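Visitor: The structure under discussion is supplied below as structure tokens; questions concerning it will follow.
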Amino acid sequence: MAVPELLARVIGSLPASEDAEAALGFLKRSDLTRIVPSGEEASFGQADESLRICRIRQVSATEAGIVTYGFHSLLSALEKLHPTEILTLTAFATAEWYGTFWLDQADRLVGFVLVQRRPPEEEQERLEWLRRNLT
């Protein structure tokens with residue numbers, strides 16, 4: 001069974017929620033493309049580092065008004081893990097969304113985050129601002 005189907009099966013067994021429903025819909029999209037890793041699962045790092053990075057990303061996404069699903073559950077799950085537990089991640093994209101799924105060393109789903117992609121015009125404006133102000 002392919003990774004999206006395995007993830008959908010696990011998420012489908014979770015209690016019903018808006019986040020789980022969004023993830024299931026995302027994983028069933030016909031334009032779903034796996035972007036990370038390209039081959040086997042890649043080590044993402046320790047749980048404490050993942051927690052630190054995800055907290056920053058959640059704040060940034062909220063401040064920017066970016067639509068997300070799963071951050072709260074992921075942060076809660078990461079807080080419960082041993083700080084040095086090694087996690088792996090896999091990421092997918094569709095035309096409108098990015099989805100990242102964290103797994104523990106036993107390949108159990110720790111959590112996920114879906115992030116709505118910016119429209120192409122907004123992304124271009126952002127890149128131009130970065131070029132003008134940071135180079």
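Residues are named by chain letter and number: chains run A, B, ... in the order of the structure tokens, numbers start at 1 in each chain, and ligands are numbered from 1 in the order shown.
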Give me the residues near stretch 83-99 of chain A as a ChimeraX atom specification, where near means some atom within 7 Å (using only C-alpha atoms) and where sequence neighbours in that chain fewer than 3 positions away do not count.

Guide: /A:31-37,41-48,102-105,113-117

Visitor: Export, as a compact mmCIF listing (two decimals), in the first residue's frame, the selected residues with N, CA, C and O atoms.

Guide:
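Dumped everything to result_3.txt:
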```txt
# COMPACT_ATOMS: atom_id res chain seq x y z
N ASP A 31 -4.20 15.30 -7.54
CA ASP A 31 -2.97 16.00 -7.88
C ASP A 31 -1.91 15.93 -6.77
O ASP A 31 -0.93 16.65 -6.79
N LEU A 32 -2.09 15.01 -5.82
CA LEU A 32 -1.16 14.85 -4.70
C LEU A 32 0.20 14.37 -5.22
O LEU A 32 0.29 13.41 -5.97
N THR A 33 1.25 15.09 -4.84
CA THR A 33 2.61 14.75 -5.24
C THR A 33 3.48 14.68 -3.99
O THR A 33 3.46 15.59 -3.17
N ARG A 34 4.25 13.63 -3.88
CA ARG A 34 5.18 13.50 -2.76
C ARG A 34 6.40 14.35 -3.06
O ARG A 34 7.03 14.20 -4.10
N ILE A 35 6.74 15.25 -2.12
CA ILE A 35 7.88 16.14 -2.37
C ILE A 35 9.06 15.88 -1.45
O ILE A 35 10.18 16.20 -1.79
N VAL A 36 8.82 15.31 -0.27
CA VAL A 36 9.92 15.02 0.66
C VAL A 36 9.59 13.74 1.38
O VAL A 36 8.50 13.59 1.91
N PRO A 37 10.47 12.85 1.53
CA PRO A 37 11.70 12.71 0.75
C PRO A 37 11.38 12.06 -0.58
O PRO A 37 10.32 11.46 -0.74
N GLU A 41 12.18 7.20 3.68
CA GLU A 41 11.94 8.19 4.72
C GLU A 41 13.28 8.77 5.19
O GLU A 41 14.24 8.05 5.37
N ALA A 42 13.32 10.06 5.36
CA ALA A 42 14.54 10.73 5.79
C ALA A 42 14.40 11.14 7.25
O ALA A 42 13.32 11.52 7.69
N SER A 43 15.47 11.08 7.99
CA SER A 43 15.46 11.51 9.37
C SER A 43 15.18 13.00 9.43
O SER A 43 15.78 13.79 8.70
N PHE A 44 14.26 13.40 10.29
CA PHE A 44 13.92 14.81 10.42
C PHE A 44 14.61 15.40 11.62
O PHE A 44 14.91 16.57 11.64
N GLY A 45 14.85 14.62 12.62
CA GLY A 45 15.52 15.14 13.80
C GLY A 45 14.80 14.75 15.07
O GLY A 45 13.88 13.95 15.07
N GLN A 46 15.24 15.34 16.14
CA GLN A 46 14.71 15.03 17.46
C GLN A 46 13.38 15.73 17.70
O GLN A 46 13.12 16.81 17.16
N ALA A 47 12.59 15.14 18.57
CA ALA A 47 11.26 15.67 18.87
C ALA A 47 11.33 17.08 19.44
O ALA A 47 10.51 17.92 19.08
N ASP A 48 12.31 17.37 20.29
CA ASP A 48 12.37 18.71 20.88
C ASP A 48 12.67 19.78 19.83
O ASP A 48 12.13 20.88 19.87
N TRP A 102 4.52 13.76 10.37
CA TRP A 102 5.61 13.32 11.23
C TRP A 102 5.31 11.92 11.73
O TRP A 102 4.19 11.63 12.16
N LEU A 103 6.33 11.05 11.71
CA LEU A 103 6.20 9.69 12.20
C LEU A 103 7.30 9.39 13.20
O LEU A 103 8.40 9.95 13.10
N ASP A 104 7.01 8.49 14.15
CA ASP A 104 8.05 8.09 15.10
C ASP A 104 8.88 6.97 14.48
O ASP A 104 8.66 6.57 13.33
N GLN A 105 9.83 6.43 15.25
CA GLN A 105 10.72 5.41 14.71
C GLN A 105 10.03 4.10 14.41
O GLN A 105 10.55 3.29 13.65
N VAL A 113 0.56 18.58 9.57
CA VAL A 113 0.17 19.97 9.37
C VAL A 113 -0.13 20.15 7.89
O VAL A 113 0.68 19.75 7.04
N LEU A 114 -1.27 20.75 7.61
CA LEU A 114 -1.60 21.16 6.25
C LEU A 114 -1.52 22.68 6.22
O LEU A 114 -2.02 23.35 7.13
N VAL A 115 -0.89 23.21 5.18
CA VAL A 115 -0.73 24.66 5.04
C VAL A 115 -1.21 25.05 3.66
O VAL A 115 -0.75 24.49 2.65
N GLN A 116 -2.11 26.03 3.62
CA GLN A 116 -2.61 26.50 2.33
C GLN A 116 -1.52 27.28 1.61
O GLN A 116 -0.86 28.14 2.21
N ARG A 117 -1.33 26.97 0.35
CA ARG A 117 -0.32 27.65 -0.45
C ARG A 117 -0.79 29.06 -0.80
O ARG A 117 -1.98 29.32 -0.92
```

Visitor: Which value, in Å to one decimal, gives the distance between atom CA of A:Ala77 and atom CA of A:Gly111?

Guide: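 Going from atom CA of A:Ala77 over to atom CA of A:Gly111 covers 6.9 Å.
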
Visitor: Show me, as a list in words, the residues that have an atom within 12 Å of A:Arg9 when counting only C-alpha atoms, minus same-chain residues fewer than 5 positions from it.

Guide: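 After dropping sequence-adjacent residues, the list is Met1, Ala2, Val3, Pro4, Leu14, Ala20, Ala23, Leu24, Leu27, Lys28, Arg108 and Leu109 of chain A.
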
Visitor: Write out, as a compact mmCIF listing (two decimals), in the first residue's frame, the residues just selected, with N, CA and C atoms.

Guide:
```txt
# COMPACT_ATOMS: atom_id res chain seq x y z
N MET A 1 0.85 -1.18 0.00
CA MET A 1 0.00 0.00 0.00
C MET A 1 0.90 1.25 0.00
N ALA A 2 0.53 2.24 -0.78
CA ALA A 2 1.32 3.47 -0.90
C ALA A 2 1.19 4.32 0.36
N VAL A 3 2.17 5.21 0.56
CA VAL A 3 2.22 6.05 1.76
C VAL A 3 0.94 6.86 1.95
N PRO A 4 0.42 7.56 0.92
CA PRO A 4 -0.81 8.33 1.18
C PRO A 4 -1.97 7.47 1.67
N LEU A 14 -8.64 8.00 13.55
CA LEU A 14 -8.62 8.99 14.62
C LEU A 14 -10.03 9.51 14.89
N ALA A 20 -8.71 16.19 10.90
CA ALA A 20 -8.65 14.85 10.30
C ALA A 20 -9.39 14.84 8.97
N ALA A 23 -7.20 16.48 6.37
CA ALA A 23 -6.08 15.62 5.99
C ALA A 23 -6.54 14.49 5.08
N LEU A 24 -7.68 13.90 5.37
CA LEU A 24 -8.20 12.83 4.52
C LEU A 24 -8.50 13.35 3.12
N LEU A 27 -5.14 13.92 1.30
CA LEU A 27 -4.47 12.69 0.88
C LEU A 27 -5.17 11.99 -0.28
N LYS A 28 -6.43 12.30 -0.50
CA LYS A 28 -7.19 11.67 -1.58
C LYS A 28 -7.21 12.50 -2.86
N ARG A 108 4.73 5.13 13.40
CA ARG A 108 3.40 5.54 13.86
C ARG A 108 3.25 7.03 13.63
N LEU A 109 2.09 7.44 13.19
CA LEU A 109 1.84 8.85 12.94
C LEU A 109 1.87 9.62 14.25
```

Visitor: What does the distance between atom CA of A:Arg118 and atom CA of A:Val67 come to in Å, to one decimal place?

Guide: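 One can read the atom CA of A:Arg118 to atom CA of A:Val67 distance as 9.8 Å.
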
Visitor: To one decimal in Å, tell me the separation between atom CA of A:Gly25 and atom CA of A:Ser50.

Guide: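 Between these atoms lies a distance of 24.9 Å.
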